[in-house]
file data.tsv (TSV, C-alpha atoms)
chain	number	residue	atom	x	y	z
A	1	MET	CA	12.88	-19.99	-3.44
A	2	ASN	CA	11.90	-23.11	-1.52
A	3	SER	CA	11.33	-22.76	2.20
A	4	LEU	CA	14.49	-22.68	4.27
A	5	GLU	CA	12.62	-23.49	7.49
A	6	GLY	CA	14.69	-25.81	9.65
A	7	GLN	CA	18.00	-24.81	8.05
A	8	PHE	CA	20.78	-22.66	9.42
A	9	LEU	CA	21.71	-19.24	8.12
A	10	VAL	CA	25.41	-18.55	8.48
A	11	ALA	CA	26.57	-14.94	8.26
A	12	MET	CA	29.28	-14.21	5.73
A	13	PRO	CA	32.52	-13.08	7.44
A	14	ASP	CA	32.12	-9.54	6.06
A	15	MET	CA	28.54	-9.12	7.39
A	16	SER	CA	28.08	-5.34	7.63
A	17	ASP	CA	25.31	-5.47	10.27
A	18	GLU	CA	27.25	-6.06	13.48
A	19	ARG	CA	24.12	-7.40	15.21
A	20	PHE	CA	24.55	-10.45	12.99
A	21	ALA	CA	28.35	-10.68	12.74
A	22	GLU	CA	29.46	-14.32	12.88
A	23	SER	CA	25.88	-15.43	13.57
A	24	VAL	CA	24.42	-18.87	13.10
A	25	ILE	CA	20.62	-18.66	12.97
A	26	LEU	CA	18.14	-21.52	12.94
A	27	LEU	CA	15.24	-20.54	10.70
A	28	VAL	CA	12.07	-21.53	12.53
A	29	GLY	CA	9.77	-20.16	9.85
A	30	HIS	CA	10.14	-19.14	6.20
A	31	GLY	CA	7.47	-18.53	3.63
A	32	SER	CA	5.89	-15.99	1.31
A	33	GLU	CA	5.14	-13.62	4.24
A	34	GLY	CA	8.72	-13.53	5.53
A	35	ALA	CA	11.02	-15.43	7.85
A	36	MET	CA	11.82	-15.85	11.53
A	37	GLY	CA	14.92	-17.28	13.16
A	38	ILE	CA	16.80	-17.66	16.44
A	39	VAL	CA	20.54	-16.89	16.78
A	40	VAL	CA	22.07	-20.00	18.36
A	41	ASN	CA	25.68	-18.93	18.91
A	42	HIS	CA	25.71	-15.61	20.82
A	43	GLU	CA	25.34	-15.68	24.61
A	44	LEU	CA	24.07	-12.83	26.73
A	45	ALA	CA	27.17	-12.22	28.84
A	46	ASN	CA	25.83	-11.40	32.28
A	47	LEU	CA	22.53	-13.28	32.31
A	48	ARG	CA	21.87	-16.84	33.42
A	49	PHE	CA	18.77	-19.01	33.43
A	50	ALA	CA	18.26	-18.56	37.21
A	51	ASP	CA	18.08	-14.78	36.64
A	52	ILE	CA	15.17	-15.34	34.23
A	53	LEU	CA	13.39	-17.62	36.70
A	54	ASP	CA	13.79	-14.97	39.42
A	55	GLU	CA	12.68	-12.13	37.13
A	56	LEU	CA	9.55	-13.98	36.04
A	57	ASP	CA	8.82	-15.31	39.54
A	58	LEU	CA	8.53	-18.83	38.13
A	59	GLY	CA	9.13	-20.72	41.29
A	60	ASP	CA	9.56	-20.50	44.99
A	61	PRO	CA	12.81	-18.52	45.53
A	62	ASP	CA	14.10	-21.30	47.82
A	63	ALA	CA	13.42	-23.90	45.12
A	64	VAL	CA	15.27	-21.78	42.53
A	65	ILE	CA	18.26	-21.47	44.87
A	66	ARG	CA	18.31	-25.26	45.34
A	67	LEU	CA	18.38	-25.99	41.60
A	68	PRO	CA	21.52	-27.76	40.40
A	69	ASP	CA	24.23	-25.41	39.12
A	70	ALA	CA	23.84	-26.92	35.64
A	71	VAL	CA	20.29	-25.53	35.57
A	72	ARG	CA	20.94	-22.26	37.44
A	73	GLN	CA	24.03	-21.34	35.38
A	74	ARG	CA	22.58	-22.36	32.04
A	75	THR	CA	23.37	-19.78	29.36
A	76	VAL	CA	20.82	-17.46	27.83
A	77	MET	CA	21.30	-16.79	24.14
A	78	ARG	CA	20.84	-13.46	22.35
A	79	GLY	CA	18.26	-14.76	19.90
A	80	GLY	CA	18.05	-11.59	17.81
A	81	PRO	CA	17.13	-7.92	17.78
A	82	VAL	CA	13.34	-8.41	17.54
A	83	GLU	CA	11.21	-8.87	20.69
A	84	LYS	CA	14.32	-8.84	22.89
A	85	GLY	CA	12.27	-9.26	26.06
A	86	ARG	CA	10.48	-12.39	24.86
A	87	GLY	CA	11.84	-15.87	25.48
A	88	PHE	CA	12.06	-18.62	22.89
A	89	VAL	CA	13.08	-22.22	23.53
A	90	LEU	CA	14.33	-24.55	20.84
A	91	HIS	CA	14.00	-28.08	22.17
A	92	SER	CA	13.79	-31.75	21.39
A	93	SER	CA	10.32	-33.03	20.60
A	94	ASP	CA	10.18	-35.24	23.70
A	95	TYR	CA	8.62	-32.15	25.34
A	96	SER	CA	5.46	-30.88	23.77
A	97	SER	CA	2.71	-28.56	24.84
A	98	GLY	CA	-0.24	-27.24	22.91
A	99	ASN	CA	1.98	-24.26	22.14
A	100	SER	CA	4.98	-26.13	20.69
A	101	TYR	CA	5.66	-25.54	17.01
A	102	PRO	CA	7.51	-28.28	15.10
A	103	VAL	CA	10.49	-26.82	13.22
A	104	THR	CA	12.48	-29.76	11.85
A	105	ASP	CA	13.85	-33.23	12.55
A	106	GLY	CA	12.46	-33.68	16.08
A	107	ILE	CA	13.03	-30.02	17.06
A	108	CYS	CA	10.27	-27.72	18.28
A	109	LEU	CA	9.96	-24.07	19.27
A	110	THR	CA	7.98	-23.09	22.37
A	111	ALA	CA	7.60	-19.56	23.68
A	112	THR	CA	5.46	-20.01	26.80
A	113	LEU	CA	6.32	-19.98	30.49
A	114	ASP	CA	5.44	-23.67	30.85
A	115	ILE	CA	8.61	-24.78	29.10
A	116	LEU	CA	10.78	-22.60	31.34
A	117	LYS	CA	9.19	-24.26	34.39
A	118	ALA	CA	9.78	-27.68	32.83
A	119	MET	CA	13.42	-26.82	32.11
A	120	ALA	CA	13.89	-25.79	35.74
A	121	PHE	CA	11.76	-28.23	37.69
A	122	GLY	CA	10.97	-31.03	35.20
A	123	PRO	CA	10.05	-32.88	33.23
A	124	ALA	CA	12.53	-31.10	30.98
A	125	PRO	CA	13.14	-31.77	27.30
A	126	ARG	CA	16.23	-33.91	26.69
A	127	SER	CA	17.85	-31.03	24.76
A	128	SER	CA	17.03	-27.33	24.79
A	129	LEU	CA	18.36	-23.85	24.06
A	130	PHE	CA	16.83	-20.72	25.61
A	131	ALA	CA	17.08	-17.35	23.84
A	132	LEU	CA	15.76	-13.86	24.41
A	133	GLY	CA	14.65	-12.23	21.18
A	134	CYS	CA	14.45	-13.43	17.62
A	135	CYS	CA	15.24	-12.37	14.07
A	136	GLY	CA	12.63	-11.39	11.54
A	137	TRP	CA	12.55	-10.65	7.82
A	138	SER	CA	9.68	-9.24	5.80
A	139	ALA	CA	8.46	-10.87	2.58
A	140	GLY	CA	11.38	-11.21	0.14
A	141	GLN	CA	13.91	-9.53	2.47
A	142	LEU	CA	15.83	-12.67	3.41
A	143	GLU	CA	15.94	-13.86	-0.20
A	144	GLY	CA	17.41	-10.47	-1.16
A	145	GLU	CA	20.06	-10.69	1.57
A	146	ILE	CA	21.02	-14.20	0.46
A	147	GLY	CA	21.20	-13.00	-3.16
A	148	ASP	CA	23.45	-10.12	-2.05
A	149	ASN	CA	25.84	-12.65	-0.50
A	150	GLY	CA	25.00	-11.80	3.12
A	151	TRP	CA	24.17	-15.34	4.21
A	152	LEU	CA	25.03	-18.94	3.49
A	153	THR	CA	22.54	-21.70	4.20
A	154	ALA	CA	23.53	-24.92	5.94
A	155	PRO	CA	21.51	-28.05	6.61
A	156	PHE	CA	20.14	-28.65	10.08
A	157	SER	CA	22.39	-30.49	12.51
A	158	ARG	CA	21.21	-31.50	15.97
A	159	GLU	CA	24.86	-31.73	17.03
A	160	LEU	CA	25.54	-28.13	15.97
A	161	LEU	CA	22.44	-26.88	17.79
A	162	PHE	CA	22.82	-28.70	21.10
A	163	GLU	CA	26.23	-30.34	21.42
A	164	THR	CA	28.81	-28.05	19.82
A	165	PRO	CA	30.18	-25.50	22.32
A	166	VAL	CA	28.59	-22.10	21.71
A	167	GLU	CA	31.90	-20.45	20.87
A	168	ASP	CA	32.62	-23.07	18.18
A	169	ARG	CA	29.26	-23.05	16.38
A	170	TYR	CA	30.17	-20.48	13.72
A	171	GLU	CA	33.28	-22.35	12.58
A	172	ALA	CA	31.40	-25.65	12.82
A	173	ALA	CA	28.60	-24.31	10.62
A	174	LEU	CA	31.14	-23.24	8.00
A	175	ALA	CA	32.88	-26.62	8.29
A	176	SER	CA	29.55	-28.38	7.67
A	177	LEU	CA	29.66	-26.71	4.24
A	178	ARG	CA	33.30	-27.78	3.81
A	179	ILE	CA	34.54	-24.20	3.87
A	180	THR	CA	36.49	-21.90	6.14
A	181	ARG	CA	36.66	-18.13	6.47
A	182	ALA	CA	39.75	-18.14	4.29
A	183	THR	CA	37.95	-19.86	1.41
A	184	LEU	CA	35.03	-17.40	1.30
A	185	SER	CA	34.86	-14.49	-1.09
A	186	PRO	CA	32.85	-11.37	-0.24
A	187	ASP	CA	31.79	-11.09	-3.90
A	188	ALA	CA	28.51	-12.60	-4.99
A	189	GLY	CA	28.44	-14.66	-8.14
A	190	HIS	CA	25.45	-14.64	-10.48
A	191	ALA	CA	25.04	-16.86	-13.50
call {"tool": "encode", "arguments": {"input": "data.tsv", "output": "structure tokens"}}
result
Amino acid sequence: MNSLEGQFLVAMPDMSDERFAESVILLVGHGSEGAMGIVVNHELANLRFADILDELDLGDPDAVIRLPDAVRQRTVMRGGPVEKGRGFVLHSSDYSSGNSYPVTDGICLTATLDILKAMAFGPAPRSSLFALGCCGWSAGQLEGEIGDNGWLTAPFSRELLFETPVEDRYEAALASLRITRATLSPDAGHA
């Protein structure tokens, strides 16, 4: 199978693993050793960006309090069940550090504290999404799950990642494939 890096995985509606139910995942890495992705459509309910800044002591408490509400109240995504305490930022390539990894089409992944400071105090990337945790698959595991009809793949869309409201991303990912839940069959077809 060719690399799916930079594409979306879209969970089939009958996904049996509830950790991934109705998930849209951007694959940030995929190769012979396995795959890694970030869930981009599930928020952590009671956690905001300012809470992370406070927890990590990433700025003067008074400066954090004075941040605009749009920054303080920014959502934190549940990126996946692996490394749940580690932060990952998907962002536009106008921000780059020596630790930024290019994923696709002007999108990078950075997992260092510097990007969190930039998101809070500037200069921030034009577009970004912050998640705690990630998803991981061992060699051949993801290919097996796709073959067993667990996932659909969808092409990358900057609009889906950054502009579509979080609660609409699953339906939008399906729509990008010109399908709906009603048109999907839980049965895999093999020729």
call {"tool": "residues_around", "arguments": {"input": "data.tsv", "residues": "Asp114 (chain A)", "least_positions_apart": "4", "cutoff": "12 Å", "atoms": "all atoms listed in the file", "output": "list in words"}}
result
Leu53, Leu56, Leu58, Gly59, Gly87, Phe88, Val89, Tyr95, Ser96, Ser97, Gly98, Asn99, Ser100, Thr110, Ala118, Met119, Ala120, Phe121, Gly122, Pro123, Ala124 and Pro125 of chain A
call {"tool": "write_last_selection", "arguments": {"input": "data.tsv", "atoms": "C-alpha atoms", "output": "CSV table (one decimal), in the frame of the given file"}}
result
chain,number,residue,atom,x,y,z
A,53,LEU,CA,13.4,-17.6,36.7
A,56,LEU,CA,9.6,-14.0,36.0
A,58,LEU,CA,8.5,-18.8,38.1
A,59,GLY,CA,9.1,-20.7,41.3
A,87,GLY,CA,11.8,-15.9,25.5
A,88,PHE,CA,12.1,-18.6,22.9
A,89,VAL,CA,13.1,-22.2,23.5
A,95,TYR,CA,8.6,-32.2,25.3
A,96,SER,CA,5.5,-30.9,23.8
A,97,SER,CA,2.7,-28.6,24.8
A,98,GLY,CA,-0.2,-27.2,22.9
A,99,ASN,CA,2.0,-24.3,22.1
A,100,SER,CA,5.0,-26.1,20.7
A,110,THR,CA,8.0,-23.1,22.4
A,118,ALA,CA,9.8,-27.7,32.8
A,119,MET,CA,13.4,-26.8,32.1
A,120,ALA,CA,13.9,-25.8,35.7
A,121,PHE,CA,11.8,-28.2,37.7
A,122,GLY,CA,11.0,-31.0,35.2
A,123,PRO,CA,10.0,-32.9,33.2
A,124,ALA,CA,12.5,-31.1,31.0
A,125,PRO,CA,13.1,-31.8,27.3
call {"tool": "residues_around", "arguments": {"input": "data.tsv", "residues": "region 27-44 of chain A", "least_positions_apart": "4", "cutoff": "8 Å", "atoms": "all atoms listed in the file", "output": "number ranges by chain"}}
result
A: 3-9, 23, 75-80, 103, 109, 129, 131, 133-142, 161, 166-167, 169-170
call {"tool": "write_last_selection", "arguments": {"input": "data.tsv", "atoms": "C-alpha atoms", "output": "PDB file, keeping the file's coordinate frame"}}
result
ATOM      1  CA  SER A   3      11.330 -22.760   2.200  1.00  0.00           C
ATOM      2  CA  LEU A   4      14.490 -22.680   4.270  1.00  0.00           C
ATOM      3  CA  GLU A   5      12.620 -23.490   7.490  1.00  0.00           C
ATOM      4  CA  GLY A   6      14.690 -25.810   9.650  1.00  0.00           C
ATOM      5  CA  GLN A   7      18.000 -24.810   8.050  1.00  0.00           C
ATOM      6  CA  PHE A   8      20.780 -22.660   9.420  1.00  0.00           C
ATOM      7  CA  LEU A   9      21.710 -19.240   8.120  1.00  0.00           C
ATOM      8  CA  SER A  23      25.880 -15.430  13.570  1.00  0.00           C
ATOM      9  CA  THR A  75      23.370 -19.780  29.360  1.00  0.00           C
ATOM     10  CA  VAL A  76      20.820 -17.460  27.830  1.00  0.00           C
ATOM     11  CA  MET A  77      21.300 -16.790  24.140  1.00  0.00           C
ATOM     12  CA  ARG A  78      20.840 -13.460  22.350  1.00  0.00           C
ATOM     13  CA  GLY A  79      18.260 -14.760  19.900  1.00  0.00           C
ATOM     14  CA  GLY A  80      18.050 -11.590  17.810  1.00  0.00           C
ATOM     15  CA  VAL A 103      10.490 -26.820  13.220  1.00  0.00           C
ATOM     16  CA  LEU A 109       9.960 -24.070  19.270  1.00  0.00           C
ATOM     17  CA  LEU A 129      18.360 -23.850  24.060  1.00  0.00           C
ATOM     18  CA  ALA A 131      17.080 -17.350  23.840  1.00  0.00           C
ATOM     19  CA  GLY A 133      14.650 -12.230  21.180  1.00  0.00           C
ATOM     20  CA  CYS A 134      14.450 -13.430  17.620  1.00  0.00           C
ATOM     21  CA  CYS A 135      15.240 -12.370  14.070  1.00  0.00           C
ATOM     22  CA  GLY A 136      12.630 -11.390  11.540  1.00  0.00           C
ATOM     23  CA  TRP A 137      12.550 -10.650   7.820  1.00  0.00           C
ATOM     24  CA  SER A 138       9.680  -9.240   5.800  1.00  0.00           C
ATOM     25  CA  ALA A 139       8.460 -10.870   2.580  1.00  0.00           C
ATOM     26  CA  GLY A 140      11.380 -11.210   0.140  1.00  0.00           C
ATOM     27  CA  GLN A 141      13.910  -9.530   2.470  1.00  0.00           C
ATOM     28  CA  LEU A 142      15.830 -12.670   3.410  1.00  0.00           C
ATOM     29  CA  LEU A 161      22.440 -26.880  17.790  1.00  0.00           C
ATOM     30  CA  VAL A 166      28.590 -22.100  21.710  1.00  0.00           C
ATOM     31  CA  GLU A 167      31.900 -20.450  20.870  1.00  0.00           C
ATOM     32  CA  ARG A 169      29.260 -23.050  16.380  1.00  0.00           C
ATOM     33  CA  TYR A 170      30.170 -20.480  13.720  1.00  0.00           C
TER      34      TYR A 170
END
call {"tool": "closest_residue", "arguments": {"input": "data.tsv", "among": "A:Gly85, A:Pro102, A:Pro165, A:Pro13", "to": "Gly150 (chain A)", "atoms": "all atoms listed in the file"}}
result
A:Pro13
call {"tool": "residues_near_point", "arguments": {"input": "data.tsv", "point": "(23.9, -23.7, 35.9)", "cutoff": "12 Å", "atoms": "all atoms listed in the file", "output": "list in words"}}
result
Leu47, Arg48, Phe49, Ala50, Asp51, Val64, Ile65, Arg66, Leu67, Pro68, Asp69, Ala70, Val71, Arg72, Gln73, Arg74, Thr75, Val76, Met119 and Ala120 of chain A
call {"tool": "atom_distance", "arguments": {"input": "data.tsv", "atom1": "CA of Tyr101 (chain A)", "atom2": "CA of Ile146 (chain A)"}}
result
25.3 Å
call {"tool": "closest_residue", "arguments": {"input": "data.tsv", "among": "A:Pro81, A:Gly106, A:Pro155, A:Gly147", "to": "Asp94 (chain A)", "atoms": "all atoms listed in the file"}}
result
A:Gly106
call {"tool": "atom_distance", "arguments": {"input": "data.tsv", "atom1": "CA of Arg126 (chain A)", "atom2": "CA of Leu174 (chain A)"}}
result
26.2 Å
call {"tool": "atom_distance", "arguments": {"input": "data.tsv", "atom1": "CA of Val24 (chain A)", "atom2": "CA of Lys117 (chain A)"}}
result
26.7 Å
call {"tool": "closest_residue", "arguments": {"input": "data.tsv", "among": "A:Phe162, A:Ala111, A:Leu177, A:Ser16", "to": "Glu83 (chain A)", "atoms": "all atoms listed in the file"}}
result
A:Ala111
call {"tool": "closest_residue", "arguments": {"input": "data.tsv", "among": "A:Thr104, A:Asn2, A:Leu26, A:His91", "to": "Ala173 (chain A)", "atoms": "all atoms listed in the file"}}
result
A:Leu26
call {"tool": "residues_near_point", "arguments": {"input": "data.tsv", "point": "(25.6, -9.6, 5.7)", "cutoff": "9 Å", "atoms": "all atoms listed in the file", "output": "compact mmCIF listing (two decimals) with C-alpha atoms, in the coordinates of the input"}}
result
# COMPACT_ATOMS: atom_id res chain seq x y z
CA ALA A 11 26.57 -14.94 8.26
CA MET A 12 29.28 -14.21 5.73
CA PRO A 13 32.52 -13.08 7.44
CA ASP A 14 32.12 -9.54 6.06
CA MET A 15 28.54 -9.12 7.39
CA SER A 16 28.08 -5.34 7.63
CA ASP A 17 25.31 -5.47 10.27
CA GLU A 18 27.25 -6.06 13.48
CA PHE A 20 24.55 -10.45 12.99
CA ALA A 21 28.35 -10.68 12.74
CA GLU A 145 20.06 -10.69 1.57
CA ILE A 146 21.02 -14.20 0.46
CA ASP A 148 23.45 -10.12 -2.05
CA ASN A 149 25.84 -12.65 -0.50
CA GLY A 150 25.00 -11.80 3.12
CA TRP A 151 24.17 -15.34 4.21
call {"tool": "closest_residue", "arguments": {"input": "data.tsv", "among": "A:Val10, A:Ile115, A:Leu132, A:Ala175", "to": "Lys84 (chain A)", "atoms": "only C-alpha atoms"}}
result
A:Leu132
call {"tool": "build_atoms", "arguments": {"input": "data.tsv", "residues": "region 91-118 of chain A", "atoms": "N, CA and C atoms", "output": "tab-separated table (two decimals), in the frame of the given file"}}
result
chain	number	residue	atom	x	y	z
A	91	HIS	N	13.86	-26.88	21.34
A	91	HIS	CA	14.00	-28.08	22.17
A	91	HIS	C	13.66	-29.34	21.40
A	92	SER	N	14.11	-30.45	21.97
A	92	SER	CA	13.79	-31.75	21.39
A	92	SER	C	12.29	-32.00	21.54
A	93	SER	N	11.76	-32.82	20.64
A	93	SER	CA	10.32	-33.03	20.60
A	93	SER	C	9.80	-33.98	21.68
A	94	ASP	N	10.67	-34.43	22.59
A	94	ASP	CA	10.18	-35.24	23.70
A	94	ASP	C	9.38	-34.38	24.69
A	95	TYR	N	9.49	-33.06	24.59
A	95	TYR	CA	8.62	-32.15	25.34
A	95	TYR	C	7.67	-31.52	24.33
A	96	SER	N	6.41	-31.52	24.66
A	96	SER	CA	5.46	-30.88	23.77
A	96	SER	C	4.30	-30.33	24.60
A	97	SER	N	3.91	-29.14	24.25
A	97	SER	CA	2.71	-28.56	24.84
A	97	SER	C	1.82	-28.16	23.68
A	98	GLY	N	0.64	-27.70	23.97
A	98	GLY	CA	-0.24	-27.24	22.91
A	98	GLY	C	0.32	-26.04	22.18
A	99	ASN	N	1.38	-25.45	22.72
A	99	ASN	CA	1.98	-24.26	22.14
A	99	ASN	C	3.32	-24.53	21.47
A	100	SER	N	3.70	-25.79	21.33
A	100	SER	CA	4.98	-26.13	20.69
A	100	SER	C	4.78	-26.18	19.18
A	101	TYR	N	5.72	-25.58	18.47
A	101	TYR	CA	5.66	-25.54	17.01
A	101	TYR	C	6.79	-26.41	16.45
A	102	PRO	N	6.46	-27.44	15.68
A	102	PRO	CA	7.51	-28.28	15.10
A	102	PRO	C	8.30	-27.51	14.04
A	103	VAL	N	9.62	-27.54	14.16
A	103	VAL	CA	10.49	-26.82	13.22
A	103	VAL	C	11.11	-27.78	12.22
A	104	THR	N	11.81	-28.78	12.72
A	104	THR	CA	12.48	-29.76	11.85
A	104	THR	C	12.96	-30.94	12.67
A	105	ASP	N	13.10	-32.08	12.04
A	105	ASP	CA	13.85	-33.23	12.55
A	105	ASP	C	13.79	-33.40	14.07
A	106	GLY	N	12.59	-33.46	14.65
A	106	GLY	CA	12.46	-33.68	16.08
A	106	GLY	C	12.75	-32.46	16.93
A	107	ILE	N	12.75	-31.27	16.33
A	107	ILE	CA	13.03	-30.02	17.06
A	107	ILE	C	11.78	-29.16	17.02
A	108	CYS	N	11.44	-28.59	18.17
A	108	CYS	CA	10.27	-27.72	18.28
A	108	CYS	C	10.69	-26.37	18.85
A	109	LEU	N	9.80	-25.40	18.68
A	109	LEU	CA	9.96	-24.07	19.27
A	109	LEU	C	8.76	-23.84	20.18
A	110	THR	N	9.03	-23.43	21.41
A	110	THR	CA	7.98	-23.09	22.37
A	110	THR	C	8.35	-21.76	23.00
A	111	ALA	N	7.35	-20.90	23.14
A	111	ALA	CA	7.60	-19.56	23.68
A	111	ALA	C	6.64	-19.23	24.82
A	112	THR	N	6.34	-20.23	25.65
A	112	THR	CA	5.46	-20.01	26.80
A	112	THR	C	6.22	-20.29	28.09
A	113	LEU	N	5.67	-19.82	29.19
A	113	LEU	CA	6.32	-19.98	30.49
A	113	LEU	C	6.39	-21.44	30.91
A	114	ASP	N	5.47	-22.27	30.44
A	114	ASP	CA	5.44	-23.67	30.85
A	114	ASP	C	6.76	-24.38	30.56
A	115	ILE	N	7.36	-24.09	29.42
A	115	ILE	CA	8.61	-24.78	29.10
A	115	ILE	C	9.74	-24.32	30.01
A	116	LEU	N	9.74	-23.06	30.41
A	116	LEU	CA	10.78	-22.60	31.34
A	116	LEU	C	10.65	-23.32	32.68
A	117	LYS	N	9.41	-23.50	33.15
A	117	LYS	CA	9.19	-24.26	34.39
A	117	LYS	C	9.66	-25.70	34.23
A	118	ALA	N	9.35	-26.30	33.08
A	118	ALA	CA	9.78	-27.68	32.83
A	118	ALA	C	11.30	-27.78	32.79
